[in-house]
Every structure is written in C-alpha cells, then in structure tokens.
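Structure, as structure tokens:
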Amino acid sequence: MGMAMADLNSVFATGIGQRLTGEVAGVSGLLLTVRGLGRLVGIGQHCMINGVHGPVRGEVVSIDATGCGLLPFGKWDGVTEGDPVEVLSEGPVLSPDASWIGRVVDAFGSPVDGAGPLRRGLVRHLPKADPPSAYLRRRTGHRIETGVASIDLFTPLCRGQRMGIFAGPGVGKSTLIARLASQAEADVVVIGLIGERGRELQDFVQRDLGEAGMARSVIVVATGDQPPLTRRQAAWSATAIAEHFRDAGRHVLLIIDSLTRFAYAQREIGLAVGEPPAQRSFPPTVFAELPHLLERAGPGTARQGDITALYTVLAEGNNPDDPISDGVRGMLDGHILLDRGIAERGRFPAIELLRSVSRMLPECHSEEENRLLGEARAHLSRYEKMADLIRLGAYQPGSDADVDRAIQVTERLEEFLTANAKDALDSQTSFSALASALSQD
C-alpha cells in the first residue's frame with residue numbers, strides 16, 4: 001500500500017482495471033475516516049463508500065497518520081466500520097453546452113427541472129479551476145446597461161466588474177437579482193442559488209425571473225438541506241459554466257446568491273476536519289476559498305469573453321461589518337447596500353445611494369454624467385446630515401438656502417426612483433431625469 005501518487009495516476013491512465021480500495025475505520029459527525037489507502041489519495045480526491053443503503057460519494061478533506069478523512073456529498077446513513085471505500089479515477093467534471101440555457105441543474109450538472117436529459121458539450125471543465133493569468137487579462141470594459149436607474153446612475157456596472165449586493169433578509173435582494181438577470185446587458189446569465197430554501201426555487205424561476213429571464217439563463221441550485229460539500233460545489237459549478245461561455249467569446253453575467261452561504265458551507269467543512277475557528281467562528285480556509293472563487297470571474301484574455309459577476313452577501317444580524325461582509329468588500333470592485341428603512345418607505349430596489357460604491361467610477365461615466373452625479377451626491381449628503389431635524393419638524397424652510405435646495409433635489413430624486421421602480425430604463429433616460437431633478441425651476 002506504499003504506492004506513490006504518480007503510480008496511482010498511471011494505474012488510472014493505463015486502464016488496467018485495478019480497483020484501489022480501503023475500508024471505513026470510523027465515522028464521527030460528518031467526518032468519515034478511511035484506513036488502508038496510505039499514499040494512494042490526496043486532498044480533493046473522490047471516493048465511493050459502499051454502505052448498506054447504497055453507494056455514497058465522498059471527498060478527501062484531511063490526511064494524517066491514522067488515515068484519510070472524507071466528507072459526504074450525501075449522508076453516511078447505513079455506513080459501518082469495515083465497509084469498502086473505492087478510489088474514483090476523477091472527481092465530477094462538467095461539459096456545458098449552449099442547450100443548457102433555459103435549464104435548471106444541480107451542483108453536478110444534472111438536470112432537476114424535469115425537462116429531459118442535457119446534451120453534453122465537447123469541452124470538459126473542472127468545477128474548481130484556476131483564474132486566468134492576471135497579466136493576460138484585459139481591463140474592465142464599458143458600462144453595461146442594467147435597466148435599474150439607481151444602479152446605472154450611482155453604482156454603474158462595467159463589463160468584467162465584480163460587484164457585491166449586501167442586504168439583510170427580506171429587503172428585496174431576490175427581486176433585484178431577478179431584474180438584473182432579465183434586463184442587464186449580457187449574452188448569457190448563469191445563476192448559482194446556494195443554500196436556498198427548497199420552496200423558493202419555483203418562486204424565483206416563475207415569479208421573479210419569468211420567461212424572459214429564464215430564456216437566457218442557466219440556473220445551478222443546491223438547497224439548504226444538502227451537505228456542505230454540495231453547496232460549495234454548486235458555487236464552483238456555476239462559475240465553471242460561466243467560464244465555458246466566456247471561453248466561447250460570450251459576455252456572461254454570473255450571479256451567485258449567496259456568497260455568505262458558500263462561506264457557511266466552507267465553515268462547516270473546515271470545522272468538521274478540526275480547523276480552529278479564527279474570525280468569529282470562521283476557520284482560515286473560508287478566507288482562502290473566497291478570493292479563489294471570486295478571482296475566477298472578471299475580464300477574460302484576448303480571445304475570450306468576460307464574466308461580469310454579482311455576489312449577494314447576507315449581512316449577519318443586519319450588520320454590514322460582520323466577518324464575511326467585511327472581508328468580501330475588499331475583494332470586490334464595488335458594493336451595493338440594500339437598506340430595510342428605505343424598503344419600508346416603499347422605494348425599490350432599496351439601495352442606499354450614498355454608501356454604495358462602484359470602483360469603476362469616474363472612468364465609466366462621461367464628464368457631464370460625473371458632474372451630475374457629484375452634484376446629486378452633494379445634495380443627498382447635505383440632506384442626510386439634516387434628516388433627523390427635517391423629520392422632526394425642527395428645521396424651518398428658508399433658514400438655509402443650501403438645505404432647502406437639498407430637500408427639493410432629494411424629494412424629486414426619490415419620487416423619480418419610486419415611480420420607476422419596475423421600469424427598465426436606459427442610462428440616457430435616467431441621467432435626463434437626474435438632470436431634471438437638479439434643475440432650478
């Protein structure tokens with residue numbers, strides 16, 4: 001059993017039919033320990049455990065002197081000590097095809113929408129891949145039209161940009177990403193629903209996304225009841241599918257909902273293998289896996305398309321500075337904050353205009369657009385400083401001409417954004433409305 005990894009690879013490559021097996025030594029929680037494989041497996045290798053209830057696929061996540069540790073893609077129910085463990089020649093691979101557009105698949109690329117089998121493409125993609133070379137990548141491209149006025153004005157999204165959408169539960173996050181999936185300028189949309197409630201899938205597909213959005217989308221789903229390996233795999237697979245279309249020269253809009261649940265899945269994996277919790281119960285591998293996933297999106301190389309990415313982040317306890325939110329904010333090219341107070345006032349999407357940032361500014365706006373945006377931000381900021389006094393009635397109109405002007409501009413802008421909450425507006429129309437709100441008439 002002292003065969004080296006190179007010898008293992010040659011066994012699979014020559015196809016001589018040799019089966020490499022060990023046996024279950026024990027199960028503690030999610031972690032299953034295998035003995036008898038020695039140096040035959042490495043981290044990330046997949047194995048099949050043949051229990052009394054049928055085979056269960058697992059992934060090697062730890063190795064020490066006592067054996068190797070596996071976590072399941074299913075459940076260990078029925079697995080007992082001594083059950084055989086067979087090493088698989090490869091982990092799951094994806095072979096996306098243009099016919100996948102309009103379909104819903106699981107974390108392994110198998111259809112779950114009852115619409116029949118999927119055609120497999122000619123190119124195989126590993127779910128976990130390396131990003132393109134930083135030096136060979138193009139710069140981010142032009143501003144894309146999203147159809148959402150508050151985004152196009154205040155936090156513009158450019159081709160190849162990676163943007164975070166930060167929100168607490170129930171603030172309109174799903175509705176916003178569905179609008180962007182339906183309206184935003186892109187050739188293909190890939191949506192990864194990570195850790196979703198099972199009942200929400202049909203609501204999102206039929207009510208939020210609708211036929212227009214679904215007609216150009218591929219959805220990858222892993223519900224919250226599935227094992228952490230499967231939830232993590234769904235984010236990897238969604239990104240790999242986006243990479244397939246990018247490599248074909250297309251502009252892909254990748255939406256991962258949510259990055260927080262990906263981090264939670266990695267936390268469960270890390271804690272199960274004995275990693276020490278570092279930042280408020282999150283082990284170090286969480287903060288190693290996040291940038292690796294995020295860096296796979298972005299501009300492609302000269303012969304590729306681009307992946308413009310949107311990642312939703314659930315603010316833990318409505319705290320925008322929880323470890324995941326705080327860490328991710330520094331990895332992305334901007335962030336959109338959704339605020340419950342704004343949603344309660346009836347403006348959707350409930351974007352906090354002053355605290356949301358696109359790092360593509362000022363380059364992606366014209367000089368005149370930047371002038372309008374700067375003026376609007378100045379008025380909104382002045383209003384925000386006086387907001388409590390204004391709401392309490394402690395401010396008397398006419399006391400300060402600048403404050404009076406800020407109130408007027410803010411009210412006009414709020415009226416415009418509220419009235420056009422469901423309309424898909426081009427950026428030219430949005431900037432014309434902004435100019436009108438800033439006018440002195």
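So you can find residues: chains in the structure tokens are A, B, ... in the order shown, residues in each start at 1, and ligands are numbered from 1 in order.
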Original post:
Mind checking DSSP for range 232-392 of chain A and telling me the helix (DSSP H, G or I) residues as an MDAnalysis selection string?
Top reply: chainID A and resid 232:247 259:272 284:295 316:318 323:329 340:344 367:392
What are the nearest atom pairs, with distances in Å to one decimal, for all residues of range 208-252 of chain A that come at most 7 Å from range 126-142 of chain A, using only C-alpha atoms, set out by chain and rising residue number as a tab-separated table?
```
residue	atom	partner	partner_atom	distance
A:Trp236	CA	A:Pro127	CA	5.0
A:Ser237	CA	A:Pro127	CA	4.7
A:Ala240	CA	A:Pro127	CA	5.3
```
Original post:
So which one's closest to Asn420 in chain A, A:Gln45, A:Ser150, A:Thr230, A:Asn50? Using only C-alpha atoms, please.
Top reply: A:Ser150
**OP:** Skip Ile177 in chain A itself and residues of its chain fewer than 2 positions away, then list as a PyMOL selection string all residues within 9 Å of it, counting only C-alpha atoms.
**Re:** chain A and resi 165+172-175+179-182+208-209+255+257+310+312
How about saving the chosen residues, N, CA and C atoms kept, as a PDB file, in the first residue's frame?
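Dumped everything to result03.pdb:
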```
ATOM      1  N   ILE A 165     -23.740  42.631  -3.617  1.00  0.00           N
ATOM      2  CA  ILE A 165     -25.031  43.175  -3.188  1.00  0.00           C
ATOM      3  C   ILE A 165     -25.222  42.740  -1.738  1.00  0.00           C
ATOM      4  N   GLY A 172     -35.520  42.647  -0.500  1.00  0.00           N
ATOM      5  CA  GLY A 172     -35.717  42.735  -1.946  1.00  0.00           C
ATOM      6  C   GLY A 172     -34.535  42.284  -2.762  1.00  0.00           C
ATOM      7  N   LYS A 173     -33.639  41.518  -2.154  1.00  0.00           N
ATOM      8  CA  LYS A 173     -32.436  41.063  -2.843  1.00  0.00           C
ATOM      9  C   LYS A 173     -32.785  40.152  -4.030  1.00  0.00           C
ATOM     10  N   SER A 174     -33.665  39.177  -3.819  1.00  0.00           N
ATOM     11  CA  SER A 174     -34.018  38.236  -4.891  1.00  0.00           C
ATOM     12  C   SER A 174     -34.698  38.947  -6.048  1.00  0.00           C
ATOM     13  N   THR A 175     -35.552  39.907  -5.731  1.00  0.00           N
ATOM     14  CA  THR A 175     -36.228  40.665  -6.790  1.00  0.00           C
ATOM     15  C   THR A 175     -35.224  41.466  -7.606  1.00  0.00           C
ATOM     16  N   ARG A 179     -34.339  41.022 -11.619  1.00  0.00           N
ATOM     17  CA  ARG A 179     -34.427  42.124 -12.587  1.00  0.00           C
ATOM     18  C   ARG A 179     -33.146  42.247 -13.391  1.00  0.00           C
ATOM     19  N   LEU A 180     -32.026  42.151 -12.699  1.00  0.00           N
ATOM     20  CA  LEU A 180     -30.744  42.260 -13.392  1.00  0.00           C
ATOM     21  C   LEU A 180     -30.544  41.095 -14.352  1.00  0.00           C
ATOM     22  N   ALA A 181     -30.961  39.898 -13.952  1.00  0.00           N
ATOM     23  CA  ALA A 181     -30.841  38.741 -14.833  1.00  0.00           C
ATOM     24  C   ALA A 181     -31.697  38.898 -16.080  1.00  0.00           C
ATOM     25  N   SER A 182     -32.830  39.570 -15.945  1.00  0.00           N
ATOM     26  CA  SER A 182     -33.746  39.739 -17.080  1.00  0.00           C
ATOM     27  C   SER A 182     -33.357  40.905 -17.975  1.00  0.00           C
ATOM     28  N   ASP A 208     -40.164  35.662 -10.029  1.00  0.00           N
ATOM     29  CA  ASP A 208     -39.164  36.731 -10.091  1.00  0.00           C
ATOM     30  C   ASP A 208     -38.458  36.788 -11.441  1.00  0.00           C
ATOM     31  N   LEU A 209     -37.945  35.658 -11.903  1.00  0.00           N
ATOM     32  CA  LEU A 209     -37.167  35.641 -13.140  1.00  0.00           C
ATOM     33  C   LEU A 209     -38.065  35.705 -14.366  1.00  0.00           C
ATOM     34  N   ILE A 255     -24.302  35.365 -11.450  1.00  0.00           N
ATOM     35  CA  ILE A 255     -24.938  35.797 -10.199  1.00  0.00           C
ATOM     36  C   ILE A 255     -24.854  34.652  -9.204  1.00  0.00           C
ATOM     37  N   ASP A 257     -25.947  33.641  -5.455  1.00  0.00           N
ATOM     38  CA  ASP A 257     -26.828  34.005  -4.343  1.00  0.00           C
ATOM     39  C   ASP A 257     -26.911  32.803  -3.385  1.00  0.00           C
ATOM     40  N   LEU A 310     -22.070  39.293 -10.040  1.00  0.00           N
ATOM     41  CA  LEU A 310     -22.793  39.875  -8.909  1.00  0.00           C
ATOM     42  C   LEU A 310     -22.876  38.810  -7.816  1.00  0.00           C
ATOM     43  N   THR A 312     -24.314  38.131  -3.963  1.00  0.00           N
ATOM     44  CA  THR A 312     -25.094  38.645  -2.844  1.00  0.00           C
ATOM     45  C   THR A 312     -24.432  38.209  -1.538  1.00  0.00           C
TER      46      THR A 312
END
```
Can you write out as a tab-separated table which residues of range 32-144 of chain A fall within 9 Å of range 210-225 of chain A, alongside each residue's closest atom pair and its distance in Å to one decimal, counting only C-alpha atoms and ordering rows by chain and ascending residue number?
```
residue	atom	partner	partner_atom	distance
A:Trp100	CA	A:Val218	CA	6.3
A:Ile101	CA	A:Val218	CA	5.0
A:Gly102	CA	A:Ala215	CA	5.0
A:Arg103	CA	A:Val218	CA	5.5
A:Val104	CA	A:Ile219	CA	4.7
A:Val105	CA	A:Val220	CA	5.0
A:Asp106	CA	A:Val221	CA	5.2
A:Ala107	CA	A:Ala222	CA	6.2
A:Phe108	CA	A:Val220	CA	8.8
A:Gly109	CA	A:Val220	CA	7.7
A:Val112	CA	A:Val221	CA	8.8
```
Written file, previous selection with N, CA and C atoms, as an mmCIF file, in the first residue's frame:
```cif
data_model
loop_
_atom_site.group_PDB
_atom_site.id
_atom_site.type_symbol
_atom_site.label_atom_id
_atom_site.label_comp_id
_atom_site.auth_asym_id
_atom_site.auth_seq_id
_atom_site.Cartn_x
_atom_site.Cartn_y
_atom_site.Cartn_z
ATOM 1 N N TRP A 100 -27.888 24.106 -22.598
ATOM 2 C CA TRP A 100 -28.145 24.229 -21.166
ATOM 3 C C TRP A 100 -28.875 25.531 -20.834
ATOM 4 N N ILE A 101 -28.825 26.498 -21.732
ATOM 5 C CA ILE A 101 -29.506 27.768 -21.481
ATOM 6 C C ILE A 101 -31.007 27.520 -21.392
ATOM 7 N N GLY A 102 -31.610 28.040 -20.340
ATOM 8 C CA GLY A 102 -33.026 27.801 -20.090
ATOM 9 C C GLY A 102 -33.289 26.624 -19.178
ATOM 10 N N ARG A 103 -32.222 26.005 -18.643
ATOM 11 C CA ARG A 103 -32.387 24.809 -17.815
ATOM 12 C C ARG A 103 -31.942 25.065 -16.375
ATOM 13 N N VAL A 104 -32.387 24.173 -15.493
ATOM 14 C CA VAL A 104 -32.014 24.198 -14.079
ATOM 15 C C VAL A 104 -31.278 22.903 -13.781
ATOM 16 N N VAL A 105 -30.061 23.016 -13.225
ATOM 17 C CA VAL A 105 -29.246 21.839 -12.950
ATOM 18 C C VAL A 105 -28.814 21.849 -11.491
ATOM 19 N N ASP A 106 -28.330 20.675 -11.043
ATOM 20 C CA ASP A 106 -27.826 20.596 -9.677
ATOM 21 C C ASP A 106 -26.332 20.900 -9.650
ATOM 22 N N ALA A 107 -25.713 20.686 -8.501
ATOM 23 C CA ALA A 107 -24.306 21.044 -8.319
ATOM 24 C C ALA A 107 -23.372 20.247 -9.216
ATOM 25 N N PHE A 108 -23.847 19.130 -9.772
ATOM 26 C CA PHE A 108 -23.013 18.275 -10.610
ATOM 27 C C PHE A 108 -23.393 18.364 -12.080
ATOM 28 N N GLY A 109 -24.290 19.309 -12.429
ATOM 29 C CA GLY A 109 -24.665 19.496 -13.816
ATOM 30 C C GLY A 109 -25.739 18.554 -14.307
ATOM 31 N N VAL A 112 -32.558 19.104 -13.044
ATOM 32 C CA VAL A 112 -33.510 18.912 -11.954
ATOM 33 C C VAL A 112 -34.871 19.514 -12.303
#
```
**OP:** Please provide as a list in words all residues within 8 Å of Phe245 in chain A, with the sequence filter that same-chain residues fewer than 5 positions apart are discarded (counting only C-alpha atoms).
**Re:** Val188, Arg250, His251, Val252 and Gly305 of chain A
**OP:** Do a neighbour search on Gln304 in chain A at 7 Å with only C-alpha atoms, toss out local chain neighbours closer than 2 positions, and write the hits as a list in words.
**Re:** Arg246, Asp247, Ala248, Gly249, Gly300, Thr301, Ala302 and Asp306 of chain A
**OP:** Just list the residues in range 46-171 of chain A DSSP gives strand (DSSP E) on the backbone, as a ChimeraX atom specification.
**Re:** /A:46-51,54-64,67-72,84-87,104-105,162-167
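CA of Leu176 in chain A sits 10.3 Å away from CA of Ala421 in chain A.
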**OP:** Write out as JSON, numbers by chain the residues lying within 12 Å of Gln408 in chain A, counting only C-alpha atoms and excluding same-chain residues fewer than 4 positions away.
**Re:** {"A": [376, 379, 380, 382, 383, 397, 401, 402, 403, 404, 412, 413, 414, 415, 436, 437, 438, 439, 440, 441]}
Output all heavy atoms for every residue in the selection just made, as a short mmCIF file (atom, residue, chain, number, x, y, z; two decimals), in the first residue's frame.
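The resulting part_15.cif:
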```cif
data_model
loop_
_atom_site.label_atom_id
_atom_site.label_comp_id
_atom_site.auth_asym_id
_atom_site.auth_seq_id
_atom_site.Cartn_x
_atom_site.Cartn_y
_atom_site.Cartn_z
N ALA A 376 -25.53 65.59 -7.38
CA ALA A 376 -26.60 64.86 -6.70
C ALA A 376 -26.11 64.32 -5.35
O ALA A 376 -26.82 64.40 -4.34
CB ALA A 376 -27.10 63.73 -7.59
N HIS A 379 -26.01 67.05 -2.67
CA HIS A 379 -27.33 67.39 -2.13
C HIS A 379 -27.84 66.27 -1.21
O HIS A 379 -28.40 66.55 -0.14
CB HIS A 379 -28.33 67.61 -3.26
CG HIS A 379 -28.11 68.90 -4.00
ND1 HIS A 379 -28.08 70.12 -3.38
CD2 HIS A 379 -27.92 69.16 -5.33
CE1 HIS A 379 -27.88 71.09 -4.27
NE2 HIS A 379 -27.78 70.52 -5.47
N LEU A 380 -27.66 65.01 -1.63
CA LEU A 380 -28.12 63.89 -0.80
C LEU A 380 -27.37 63.85 0.53
O LEU A 380 -27.96 63.57 1.58
CB LEU A 380 -27.93 62.57 -1.55
CG LEU A 380 -28.83 62.32 -2.75
CD1 LEU A 380 -28.40 61.06 -3.50
CD2 LEU A 380 -30.29 62.20 -2.33
N ARG A 382 -26.00 66.44 2.10
CA ARG A 382 -26.45 67.56 2.92
C ARG A 382 -27.82 67.24 3.55
O ARG A 382 -28.07 67.54 4.72
CB ARG A 382 -26.55 68.83 2.06
CG ARG A 382 -26.83 70.11 2.87
CD ARG A 382 -26.74 71.34 1.99
NE ARG A 382 -25.36 71.60 1.55
CZ ARG A 382 -24.96 71.49 0.29
NH1 ARG A 382 -25.82 71.15 -0.67
NH2 ARG A 382 -23.71 71.75 -0.02
N TYR A 383 -28.69 66.62 2.75
CA TYR A 383 -30.00 66.25 3.28
C TYR A 383 -29.85 65.22 4.41
O TYR A 383 -30.53 65.31 5.45
CB TYR A 383 -30.87 65.66 2.16
CG TYR A 383 -32.23 65.21 2.63
CD1 TYR A 383 -33.31 66.08 2.65
CD2 TYR A 383 -32.44 63.90 3.06
CE1 TYR A 383 -34.56 65.67 3.10
CE2 TYR A 383 -33.67 63.48 3.51
CZ TYR A 383 -34.73 64.37 3.52
OH TYR A 383 -35.96 63.95 3.96
N PRO A 397 -38.16 75.75 6.88
CA PRO A 397 -37.82 76.09 5.49
C PRO A 397 -37.49 77.57 5.36
O PRO A 397 -38.13 78.43 5.96
CB PRO A 397 -39.10 75.74 4.72
CG PRO A 397 -39.76 74.69 5.56
CD PRO A 397 -39.47 75.07 6.98
N ALA A 401 -30.54 78.26 2.47
CA ALA A 401 -30.86 78.04 1.05
C ALA A 401 -30.29 76.72 0.55
O ALA A 401 -30.93 76.02 -0.26
CB ALA A 401 -30.32 79.20 0.21
N ASP A 402 -29.10 76.33 1.02
CA ASP A 402 -28.48 75.07 0.57
C ASP A 402 -29.29 73.87 1.05
O ASP A 402 -29.47 72.89 0.32
CB ASP A 402 -27.05 74.97 1.08
CG ASP A 402 -26.12 75.94 0.37
OD1 ASP A 402 -26.45 76.36 -0.75
OD2 ASP A 402 -25.06 76.27 0.94
N VAL A 403 -29.78 73.93 2.28
CA VAL A 403 -30.59 72.83 2.81
C VAL A 403 -31.93 72.76 2.08
O VAL A 403 -32.42 71.68 1.74
CB VAL A 403 -30.79 72.99 4.33
CG1 VAL A 403 -31.75 71.92 4.86
CG2 VAL A 403 -29.45 72.90 5.05
N ASP A 404 -32.52 73.92 1.82
CA ASP A 404 -33.78 73.94 1.07
C ASP A 404 -33.60 73.29 -0.30
O ASP A 404 -34.46 72.53 -0.76
CB ASP A 404 -34.26 75.38 0.89
CG ASP A 404 -34.73 76.01 2.19
OD1 ASP A 404 -34.99 75.24 3.15
OD2 ASP A 404 -34.82 77.25 2.26
N ARG A 412 -37.33 65.15 -5.29
CA ARG A 412 -37.53 64.87 -6.72
C ARG A 412 -36.89 63.53 -7.11
O ARG A 412 -37.49 62.74 -7.86
CB ARG A 412 -36.90 65.99 -7.55
CG ARG A 412 -37.68 67.29 -7.55
CD ARG A 412 -36.93 68.32 -8.39
NE ARG A 412 -37.65 69.58 -8.51
CZ ARG A 412 -37.20 70.63 -9.21
NH1 ARG A 412 -36.02 70.54 -9.83
NH2 ARG A 412 -37.89 71.73 -9.27
N LEU A 413 -35.69 63.31 -6.61
CA LEU A 413 -34.98 62.08 -6.96
C LEU A 413 -35.70 60.85 -6.38
O LEU A 413 -35.86 59.83 -7.06
CB LEU A 413 -33.54 62.14 -6.44
CG LEU A 413 -32.59 61.03 -6.90
CD1 LEU A 413 -32.55 60.93 -8.42
CD2 LEU A 413 -31.19 61.26 -6.34
N GLU A 414 -36.14 60.94 -5.14
CA GLU A 414 -36.89 59.85 -4.52
C GLU A 414 -38.17 59.57 -5.30
O GLU A 414 -38.55 58.42 -5.52
CB GLU A 414 -37.21 60.17 -3.07
CG GLU A 414 -36.03 60.11 -2.12
CD GLU A 414 -35.64 58.68 -1.76
OE1 GLU A 414 -36.52 57.79 -1.82
OE2 GLU A 414 -34.47 58.45 -1.46
N GLU A 415 -38.84 60.62 -5.72
CA GLU A 415 -40.08 60.46 -6.49
C GLU A 415 -39.81 59.75 -7.81
O GLU A 415 -40.54 58.84 -8.21
CB GLU A 415 -40.70 61.83 -6.75
CG GLU A 415 -42.02 61.77 -7.50
CD GLU A 415 -42.61 63.15 -7.76
OE1 GLU A 415 -42.04 64.15 -7.27
OE2 GLU A 415 -43.63 63.23 -8.47
N SER A 436 -33.04 66.72 -14.58
CA SER A 436 -34.30 67.43 -14.31
C SER A 436 -34.48 67.64 -12.81
O SER A 436 -34.93 68.70 -12.36
CB SER A 436 -35.47 66.63 -14.89
OG SER A 436 -36.70 67.25 -14.60
N ALA A 437 -34.11 66.62 -12.01
CA ALA A 437 -34.23 66.75 -10.56
C ALA A 437 -33.30 67.83 -10.01
O ALA A 437 -33.61 68.48 -9.00
CB ALA A 437 -33.92 65.41 -9.91
N LEU A 438 -32.18 68.04 -10.69
CA LEU A 438 -31.20 69.02 -10.24
C LEU A 438 -31.48 70.42 -10.78
O LEU A 438 -30.81 71.38 -10.36
CB LEU A 438 -29.80 68.59 -10.67
CG LEU A 438 -29.23 67.32 -10.01
CD1 LEU A 438 -27.96 66.87 -10.72
CD2 LEU A 438 -28.97 67.58 -8.52
N SER A 439 -32.44 70.54 -11.68
CA SER A 439 -32.71 71.84 -12.27
C SER A 439 -33.28 72.81 -11.23
O SER A 439 -33.88 72.40 -10.24
CB SER A 439 -33.69 71.71 -13.46
OG SER A 439 -34.94 71.25 -12.99
N GLN A 440 -33.12 74.12 -11.49
CA GLN A 440 -33.51 75.14 -10.51
C GLN A 440 -34.93 75.64 -10.73
O GLN A 440 -35.34 76.59 -10.06
CB GLN A 440 -32.54 76.31 -10.62
CG GLN A 440 -31.11 75.98 -10.33
CD GLN A 440 -30.69 76.30 -8.91
OE1 GLN A 440 -31.52 76.72 -8.10
NE2 GLN A 440 -29.43 76.13 -8.62
N ASP A 441 -35.68 75.02 -11.65
CA ASP A 441 -37.01 75.58 -11.93
C ASP A 441 -37.98 75.34 -10.77
O ASP A 441 -37.81 74.46 -9.96
CB ASP A 441 -37.58 74.97 -13.21
CG ASP A 441 -37.61 73.45 -13.22
OD1 ASP A 441 -37.32 72.87 -12.15
OD2 ASP A 441 -37.90 72.86 -14.26
#
```
Original post:
Between A:Pro283, A:Pro169, A:Gly341, A:Pro84, which one has atoms that come closest to Gly270 in chain A, using only C-alpha atoms?
Top reply: A:Pro283
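Between CA of Arg232 in chain A and CA of Leu37 in chain A there is a distance of 25.6 Å.
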Could you make a table, as JSON lines, of the residues of range 294-394 of chain A that have an atom within 10 Å of an atom of range 153-156 of chain A, each with its nearest atom pair and distance in Å to one decimal, counting only C-alpha atoms, in chain and number order?
```
{"residue": "A:Gly334", "atom": "CA", "partner": "A:Thr155", "partner_atom": "CA", "distance": 7.9}
{"residue": "A:His335", "atom": "CA", "partner": "A:Thr155", "partner_atom": "CA", "distance": 8.0}
{"residue": "A:Ile336", "atom": "CA", "partner": "A:Thr155", "partner_atom": "CA", "distance": 7.3}
{"residue": "A:Ile351", "atom": "CA", "partner": "A:Phe154", "partner_atom": "CA", "distance": 9.6}
{"residue": "A:Glu352", "atom": "CA", "partner": "A:Phe154", "partner_atom": "CA", "distance": 9.8}
{"residue": "A:Leu353", "atom": "CA", "partner": "A:Phe154", "partner_atom": "CA", "distance": 6.5}
{"residue": "A:Leu354", "atom": "CA", "partner": "A:Phe154", "partner_atom": "CA", "distance": 8.3}
{"residue": "A:Arg355", "atom": "CA", "partner": "A:Phe154", "partner_atom": "CA", "distance": 10.0}
{"residue": "A:Ser356", "atom": "CA", "partner": "A:Thr155", "partner_atom": "CA", "distance": 6.6}
{"residue": "A:Val357", "atom": "CA", "partner": "A:Thr155", "partner_atom": "CA", "distance": 5.6}
{"residue": "A:Ser358", "atom": "CA", "partner": "A:Thr155", "partner_atom": "CA", "distance": 4.7}
{"residue": "A:Arg359", "atom": "CA", "partner": "A:Thr155", "partner_atom": "CA", "distance": 8.4}
{"residue": "A:Met360", "atom": "CA", "partner": "A:Pro156", "partner_atom": "CA", "distance": 7.3}
{"residue": "A:Leu361", "atom": "CA", "partner": "A:Pro156", "partner_atom": "CA", "distance": 7.6}
{"residue": "A:Pro362", "atom": "CA", "partner": "A:Pro156", "partner_atom": "CA", "distance": 9.7}
{"residue": "A:Cys364", "atom": "CA", "partner": "A:Pro156", "partner_atom": "CA", "distance": 7.5}
{"residue": "A:His365", "atom": "CA", "partner": "A:Pro156", "partner_atom": "CA", "distance": 8.2}
{"residue": "A:Glu369", "atom": "CA", "partner": "A:Leu153", "partner_atom": "CA", "distance": 8.4}
{"residue": "A:Asn370", "atom": "CA", "partner": "A:Leu153", "partner_atom": "CA", "distance": 9.3}
{"residue": "A:Leu372", "atom": "CA", "partner": "A:Leu153", "partner_atom": "CA", "distance": 9.3}
{"residue": "A:Leu373", "atom": "CA", "partner": "A:Phe154", "partner_atom": "CA", "distance": 7.0}
{"residue": "A:Gly374", "atom": "CA", "partner": "A:Phe154", "partner_atom": "CA", "distance": 9.6}
{"residue": "A:Ala376", "atom": "CA", "partner": "A:Phe154", "partner_atom": "CA", "distance": 9.4}
{"residue": "A:Arg377", "atom": "CA", "partner": "A:Phe154", "partner_atom": "CA", "distance": 8.7}
```
**OP:** Find the residue from A:Gln183, A:Ser110, A:Ser366, A:Thr308 that sits nearest to Glu145 in chain A; use only C-alpha atoms when measuring.
**Re:** A:Gln183
Original post:
Got a sec: who's within 8 Å of range 116-124 of chain A, counting only C-alpha atoms, leaving out chain neighbours fewer than 2 positions off, as JSON, numbers by chain?
Top reply: {"A": [93, 94, 95, 96, 97, 99, 100, 110, 111, 113, 114, 126]}
Subject >> Atomic distance CA of Leu40 in chain A - CA of Thr66 in chain A, expressed in Å with one decimal >> reply: 14.1 Å
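If only C-alpha atoms are the atoms counted, then among A:Val189, A:Val34, A:Ile390, A:Leu88 the closest residue to Ala65 in chain A is A:Val34.
Proximity ranking of A:Ala265, A:Val286, A:Val79, A:Ala25 relative to Gly54 in chain A places A:Val79 first, based on only C-alpha atoms.
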